[in-house]
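Visitor: Coordinates in query.cif, mmCIF, C-alpha atoms, are listed below.
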```cif
data_coords
#
loop_
_atom_site.group_PDB
_atom_site.id
_atom_site.type_symbol
_atom_site.label_atom_id
_atom_site.label_comp_id
_atom_site.auth_asym_id
_atom_site.auth_seq_id
_atom_site.Cartn_x
_atom_site.Cartn_y
_atom_site.Cartn_z
ATOM 1 C CA MET O 1 -33.672 -2.401 -80.665
ATOM 2 C CA ILE O 2 -32.237 0.823 -79.282
ATOM 3 C CA LYS O 3 -31.390 3.791 -81.472
ATOM 4 C CA LYS O 4 -29.013 6.375 -80.038
ATOM 5 C CA GLN O 5 -28.459 9.992 -80.980
ATOM 6 C CA TYR O 6 -26.487 12.848 -79.437
ATOM 7 C CA VAL O 7 -28.199 16.219 -79.829
ATOM 8 C CA LYS O 8 -25.333 18.698 -79.911
ATOM 9 C CA SER O 9 -27.502 21.837 -79.714
ATOM 10 C CA ARG O 10 -29.138 20.674 -76.461
ATOM 11 C CA LYS O 11 -26.277 18.533 -75.113
ATOM 12 C CA VAL O 12 -28.542 15.556 -74.461
ATOM 13 C CA ALA O 13 -28.650 11.970 -75.671
ATOM 14 C CA LYS O 14 -31.849 10.623 -77.202
ATOM 15 C CA LEU O 15 -32.537 6.919 -76.789
ATOM 16 C CA THR O 16 -35.334 5.355 -78.832
ATOM 17 C CA PHE O 17 -36.433 1.957 -77.561
ATOM 18 C CA GLU O 18 -38.367 -0.361 -79.886
ATOM 19 C CA VAL O 19 -39.799 -3.769 -79.042
ATOM 20 C CA PRO O 20 -40.988 -5.659 -82.142
ATOM 21 C CA LYS O 21 -44.074 -7.829 -81.768
ATOM 22 C CA GLY O 22 -41.912 -10.966 -82.059
ATOM 23 C CA GLN O 23 -39.881 -9.993 -78.968
ATOM 24 C CA LEU O 24 -42.862 -9.574 -76.654
ATOM 25 C CA PRO O 25 -43.419 -12.285 -74.022
ATOM 26 C CA GLY O 26 -45.072 -15.126 -75.912
ATOM 27 C CA ASP O 27 -47.107 -16.466 -73.016
ATOM 28 C CA VAL O 28 -48.915 -13.160 -72.358
ATOM 29 C CA ASP O 29 -51.630 -11.301 -74.253
ATOM 30 C CA VAL O 30 -49.807 -7.947 -74.181
ATOM 31 C CA ALA O 31 -52.050 -4.898 -73.834
ATOM 32 C CA SER O 32 -49.424 -2.395 -72.650
ATOM 33 C CA VAL O 33 -45.658 -2.055 -72.291
ATOM 34 C CA HIS O 34 -43.746 0.420 -70.117
ATOM 35 C CA LEU O 35 -40.058 1.286 -70.251
ATOM 36 C CA VAL O 36 -38.661 1.274 -66.725
ATOM 37 C CA GLY O 37 -35.136 2.138 -65.642
ATOM 38 C CA ASP O 38 -32.574 4.425 -64.052
ATOM 39 C CA PHE O 39 -33.637 7.321 -66.291
ATOM 40 C CA ASN O 40 -37.153 7.439 -64.770
ATOM 41 C CA GLY O 41 -36.381 6.343 -61.211
ATOM 42 C CA TRP O 42 -37.716 2.841 -61.929
ATOM 43 C CA ASP O 43 -41.235 4.305 -61.974
ATOM 44 C CA GLU O 44 -43.391 1.599 -63.560
ATOM 45 C CA GLN O 45 -45.886 4.143 -64.945
ATOM 46 C CA ALA O 46 -43.583 7.013 -66.009
ATOM 47 C CA THR O 47 -42.753 5.900 -69.555
ATOM 48 C CA PRO O 48 -45.538 4.092 -71.414
ATOM 49 C CA MET O 49 -44.544 2.772 -74.820
ATOM 50 C CA THR O 50 -46.711 3.562 -77.830
ATOM 51 C CA GLN O 51 -47.925 0.653 -79.945
ATOM 52 C CA ARG O 52 -47.501 1.189 -83.676
ATOM 53 C CA LYS O 53 -49.654 -0.319 -86.430
ATOM 54 C CA ASP O 54 -47.162 -3.149 -87.002
ATOM 55 C CA GLY O 55 -47.373 -4.197 -83.321
ATOM 56 C CA THR O 56 -44.014 -2.665 -82.348
ATOM 57 C CA TYR O 57 -43.887 -0.754 -79.058
ATOM 58 C CA LYS O 58 -41.798 2.427 -79.036
ATOM 59 C CA ALA O 59 -40.609 5.021 -76.492
ATOM 60 C CA LEU O 60 -38.097 7.849 -76.522
ATOM 61 C CA VAL O 61 -36.187 9.196 -73.528
ATOM 62 C CA GLU O 62 -33.646 11.971 -73.214
ATOM 63 C CA VAL O 63 -30.746 11.296 -70.876
ATOM 64 C CA GLU O 64 -27.389 12.659 -69.822
ATOM 65 C CA PRO O 65 -24.766 11.794 -72.473
ATOM 66 C CA GLY O 66 -21.989 9.281 -71.879
ATOM 67 C CA LYS O 67 -23.626 7.418 -68.980
ATOM 68 C CA LYS O 68 -24.822 3.826 -68.670
ATOM 69 C CA TYR O 69 -28.434 3.183 -67.706
ATOM 70 C CA ALA O 70 -30.083 -0.008 -66.456
ATOM 71 C CA PHE O 71 -33.590 -0.763 -67.705
ATOM 72 C CA ARG O 72 -36.247 -3.403 -68.375
ATOM 73 C CA TYR O 73 -39.633 -3.596 -70.046
ATOM 74 C CA LEU O 74 -42.870 -4.251 -68.156
ATOM 75 C CA ALA O 75 -45.855 -5.794 -69.960
ATOM 76 C CA ASN O 76 -49.365 -5.325 -68.560
ATOM 77 C CA GLY O 77 -47.898 -4.000 -65.303
ATOM 78 C CA LYS O 78 -46.919 -7.555 -64.297
ATOM 79 C CA VAL O 79 -44.463 -9.302 -66.640
ATOM 80 C CA TRP O 80 -40.864 -8.078 -66.784
ATOM 81 C CA PHE O 81 -38.756 -8.817 -69.859
ATOM 82 C CA ASN O 82 -35.424 -7.809 -71.363
ATOM 83 C CA ASP O 83 -34.131 -6.338 -74.596
ATOM 84 C CA TRP O 84 -31.808 -8.986 -76.027
ATOM 85 C CA GLU O 85 -30.047 -6.365 -78.160
ATOM 86 C CA ALA O 86 -29.020 -4.231 -75.154
ATOM 87 C CA ASP O 87 -25.409 -3.080 -74.750
ATOM 88 C CA GLY O 88 -24.986 -5.407 -71.776
ATOM 89 C CA TYR O 89 -26.601 -6.879 -68.683
ATOM 90 C CA MET O 90 -26.104 -6.637 -64.942
ATOM 91 C CA PRO O 91 -27.608 -8.489 -61.975
ATOM 92 C CA GLY O 92 -30.854 -6.921 -60.793
ATOM 93 C CA GLU O 93 -31.556 -6.206 -57.139
ATOM 94 C CA LEU O 94 -34.560 -8.521 -57.162
ATOM 95 C CA GLY O 95 -33.162 -11.398 -59.186
ATOM 96 C CA PRO O 96 -33.228 -11.337 -62.990
ATOM 97 C CA ASP O 97 -30.668 -9.376 -64.940
ATOM 98 C CA ASN O 98 -31.311 -5.793 -65.974
ATOM 99 C CA CYS O 99 -30.408 -4.539 -69.425
ATOM 100 C CA LEU O 100 -27.780 -1.842 -69.913
ATOM 101 C CA VAL O 101 -27.640 0.912 -72.506
ATOM 102 C CA GLU O 102 -24.802 3.398 -72.904
ATOM 103 C CA ALA O 103 -25.868 6.864 -74.026
ATOM 104 C CA PRO O 104 -23.757 8.477 -76.746
ATOM 105 C CA SER O 105 -21.597 11.467 -75.898
ATOM 106 C CA ALA O 106 -20.285 14.438 -77.836
#
```
Would it be possible to restate this file's structure as structure tokens?
Guide:
Amino acid sequence: MIKKQYVKSRKVAKLTFEVPKGQLPGDVDVASVHLVGDFNGWDEQATPMTQRKDGTYKALVEVEPGKKYAFRYLANGKVWFNDWEADGYMPGELGPDNCLVEAPSA
């Protein structure tokens, strides 16, 4: 799930990414999840997601409004997976599709 908000006073878009426990890769004992995408230069360590008490992983990023961003999730530094509620999908450079999210604008 992705929540979107435009912050008028700062002219930025806030994107909150949430991965419920039921959407984690089922064949992996997940110990960590990172959000990886255009907004962090595809740096696999830049945006760790915080695990909440209910097992949901959550991360917030601030991005330029009105743009589309490709992203994926990375579990345990090894297993890539998608958000099936993303705004869209596009072919990835290394094979599987990347998710797309469109940031809100003013």
Visitor: May I ask which of the residues O:Gly37, O:Ala70, O:Lys78, O:Lys53 is the closest one to Pro91 in chain O, counting all atoms listed in the file?
Guide: O:Ala70
Visitor: Closest to Tyr6 in chain O among O:Ala46, O:Cys99, O:Val63, O:Val33, using only C-alpha atoms?
Guide: O:Val63
Visitor: Identify all residues satisfying the PyMOL selection byres ((chain O and resi 90) around 12) in the given file; provide them as a ChimeraX atom specification.
Guide: /O:68-72,82,86-89,91-101
Visitor: CA of Asp83 in chain O and CA of Lys8 in chain O are how many Å apart?
Guide: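 Atom-to-atom, CA of Asp83 in chain O to CA of Lys8 in chain O, that is 27.1 Å.
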Visitor: Please measure the separation of CA of Leu24 in chain O and CA of Met1 in chain O, giving the value in Å to one decimal.
Guide: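 Separating CA of Leu24 in chain O from CA of Met1 in chain O is a distance of 12.3 Å.
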